[in-house]
Amino acid sequence: MNEIRKAGVEPDEWQSLKAYTNARIALGRTGVSVPLREALQFKLAHAHAKDAVYSALDMTDLQNQLAACGLPVYCVRSRAIHRDMYLQRPDLGRLLDERSAEQLQQIDSPAADICIIVADGLSATAITQNAIQVVSGLVEKVQQTGFSLAPIVLVEQGRVAIMDAIGSLLNARLAIILIGERPGLSSFDSMGAYITYAPRPGLTDESRNCISNIREQGLAPVLAVDNIMDLIRSAFRFQLTGVQLKADSNADLLSA
């Protein structure tokens, strides 16, 4: 606190709370303005968020890393041809292009309980930093519980709802998509996990459960795996996901 005063910055009474959050609180002030240091950090955070939105997956490298989980890995694309189209036309990011749909239709694999999908979303950076640890943990724990797994699908220019078509084409009872979340000014590397029971085209977001802010500074990947597994067990028990399925109140759920 004394160092802040020496720098000509008036301290903030919330200063002690900074130890508990990365949010932009207790910035202090210099006159009527925020300190120069904080103004520059804001610009840096904005630059990180913008870079994350336009970041791209190294599909070959990620496919090779995912293959280490012991499952086939297929790369597909949405109908958004390039990044600007993806940002301007969210609807195209929810649909598989024709070639990708045909590729998945031709896969000779039996129906499975669970399909794991990985998509760049709005932050390929988040996927690069977090997806491998979560997928490897999920594969291990899913196999321990006795559920069967479909091939892993890696999606370029994908939105959340693309999981419905993929899960349906692979005849999976439940689909999970790991996707880069919209970057915030303190969380440009945040990944989300969406879980949908009985995936099929036409579903909307109330049919899914979401676990967000998966990253080392948020929900650590190893803990995210445990949370996802809890939802998987509940989803199969009650044969549903979405607004009717609450991760912290399974005892009070009523089956449809």
# chains A, B, ... in the order shown; residues from 1 in each chain; ligands from 1
>>> residues_around(residues="A:Ser109", least_positions_apart="5", cutoff="9 Å", atoms="only C-alpha atoms", output="PyMOL selection string")
chain A and resi 150-151+170
>>> select_by_dssp(residues="stretch 31-87 of chain A", states="strand (DSSP E)", output="PyMOL selection string")
chain A and resi 73-77
>>> write_last_selection(atoms="N, CA, C and O atoms", output="mmCIF file, in the first residue's frame")
data_model
loop_
_atom_site.group_PDB
_atom_site.id
_atom_site.type_symbol
_atom_site.label_atom_id
_atom_site.label_comp_id
_atom_site.auth_asym_id
_atom_site.auth_seq_id
_atom_site.Cartn_x
_atom_site.Cartn_y
_atom_site.Cartn_z
ATOM 1 N N VAL A 73 -9.190 -40.319 -34.643
ATOM 2 C CA VAL A 73 -9.482 -38.880 -34.597
ATOM 3 C C VAL A 73 -9.756 -38.410 -36.021
ATOM 4 O O VAL A 73 -8.944 -38.616 -36.922
ATOM 5 N N TYR A 74 -10.906 -37.770 -36.204
ATOM 6 C CA TYR A 74 -11.293 -37.265 -37.522
ATOM 7 C C TYR A 74 -11.386 -35.741 -37.482
ATOM 8 O O TYR A 74 -11.900 -35.171 -36.507
ATOM 9 N N CYS A 75 -10.901 -35.107 -38.527
ATOM 10 C CA CYS A 75 -10.945 -33.649 -38.642
ATOM 11 C C CYS A 75 -12.057 -33.255 -39.602
ATOM 12 O O CYS A 75 -12.125 -33.777 -40.726
ATOM 13 N N VAL A 76 -12.917 -32.343 -39.163
ATOM 14 C CA VAL A 76 -14.018 -31.874 -39.999
ATOM 15 C C VAL A 76 -14.082 -30.349 -39.942
ATOM 16 O O VAL A 76 -13.385 -29.711 -39.143
ATOM 17 N N ARG A 77 -14.954 -29.783 -40.775
ATOM 18 C CA ARG A 77 -15.115 -28.334 -40.842
ATOM 19 C C ARG A 77 -16.595 -27.964 -40.802
ATOM 20 O O ARG A 77 -17.455 -28.753 -41.197
#
>>> residues_around(residues="A:Lys50", least_positions_apart="5", cutoff="12 Å", atoms="only C-alpha atoms", output="PyMOL selection string")
chain A and resi 43-45+55+122-125+182-185+187-189
>>> closest_residue(among="A:Leu154, A:Ala19, A:Ser190, A:Arg200", to="A:Ala172", atoms="only C-alpha atoms")
A:Arg200
>>> closest_residue(among="A:Ile127, A:Val53, A:Cys115, A:Ala235", to="A:Asp84", atoms="only C-alpha atoms")
A:Val53
>>> atom_distance(atom1="atom CA of A:Arg83", atom2="atom CA of A:Val225")
29.5 Å
>>> atom_distance(atom1="atom CA of A:Cys69", atom2="atom CA of A:Val139")
6.9 Å
>>> residues_around(residues="stretch 210-214 of chain A", least_positions_apart="3", cutoff="12 Å", atoms="only C-alpha atoms", output="ChimeraX atom specification")
/A:126-127,129-131,133-134,160,176-184,186-196,205-207,217-232,241-243,245-247
>>> atom_distance(atom1="atom CA of A:Ser148", atom2="atom CA of A:Asp113")
5.1 Å
>>> closest_residue(among="A:Leu17, A:Val155, A:Ile117, A:Leu203", to="A:Gly93", atoms="only C-alpha atoms")
A:Val155
>>> closest_residue(among="A:Arg159, A:Phe42, A:Leu138, A:Asp97", to="A:Ile81", atoms="only C-alpha atoms")
A:Asp97
>>> residues_around(residues="A:Ala101", least_positions_apart="4", cutoff="9 Å", atoms="only C-alpha atoms", output="list in words")
Val76, Leu96, Asp97, Gln105, Gln106, Ala165, Ile166 and Leu169 of chain A
>>> select_by_dssp(residues="stretch 26-228 of chain A", states="helix (DSSP H, G or I)", output="JSON, numbers by chain")
{"A": [36, 37, 38, 39, 40, 41, 42, 43, 44, 45, 46, 47, 48, 49, 50, 51, 52, 53, 59, 60, 61, 62, 63, 64, 65, 66, 67, 83, 84, 85, 86, 87, 88, 90, 91, 92, 93, 98, 99, 100, 101, 102, 103, 104, 105, 124, 125, 126, 127, 128, 129, 130, 131, 132, 133, 134, 135, 136, 137, 138, 139, 140, 141, 142, 143, 144, 145, 162, 163, 164, 165, 166, 167, 168, 169, 205, 206, 207, 221, 222, 223, 224, 225, 226, 227, 228]}
>>> residues_around(residues="A:Thr128", least_positions_apart="6", cutoff="9 Å", atoms="only C-alpha atoms", output="JSON, numbers by chain")
{"A": [57, 58, 62, 120, 189]}
>>> write_last_selection(atoms="N, CA, C and O atoms", output="tab-separated table (two decimals), in the first residue's frame")
chain	number	residue	atom	x	y	z
A	57	LEU	N	-6.22	-23.20	-34.91
A	57	LEU	CA	-5.71	-24.48	-34.43
A	57	LEU	C	-4.68	-25.04	-35.39
A	57	LEU	O	-4.82	-24.94	-36.61
A	58	ASP	N	-3.66	-25.65	-34.83
A	58	ASP	CA	-2.75	-26.48	-35.62
A	58	ASP	C	-3.40	-27.86	-35.68
A	58	ASP	O	-3.20	-28.70	-34.79
A	62	LEU	N	-2.68	-31.13	-33.22
A	62	LEU	CA	-3.71	-31.49	-32.24
A	62	LEU	C	-4.25	-32.89	-32.53
A	62	LEU	O	-4.51	-33.66	-31.59
A	120	ASP	N	-12.58	-25.29	-32.18
A	120	ASP	CA	-11.85	-24.06	-31.88
A	120	ASP	C	-12.73	-23.01	-31.23
A	120	ASP	O	-12.34	-22.32	-30.29
A	189	ASP	N	-8.08	-17.42	-22.47
A	189	ASP	CA	-7.74	-18.82	-22.69
A	189	ASP	C	-8.75	-19.76	-22.03
A	189	ASP	O	-8.43	-20.87	-21.63
>>> residues_around(residues="A:Asp91", least_positions_apart="6", cutoff="12 Å", atoms="only C-alpha atoms", output="PyMOL selection string")
chain A and resi 78-80+85+157-162
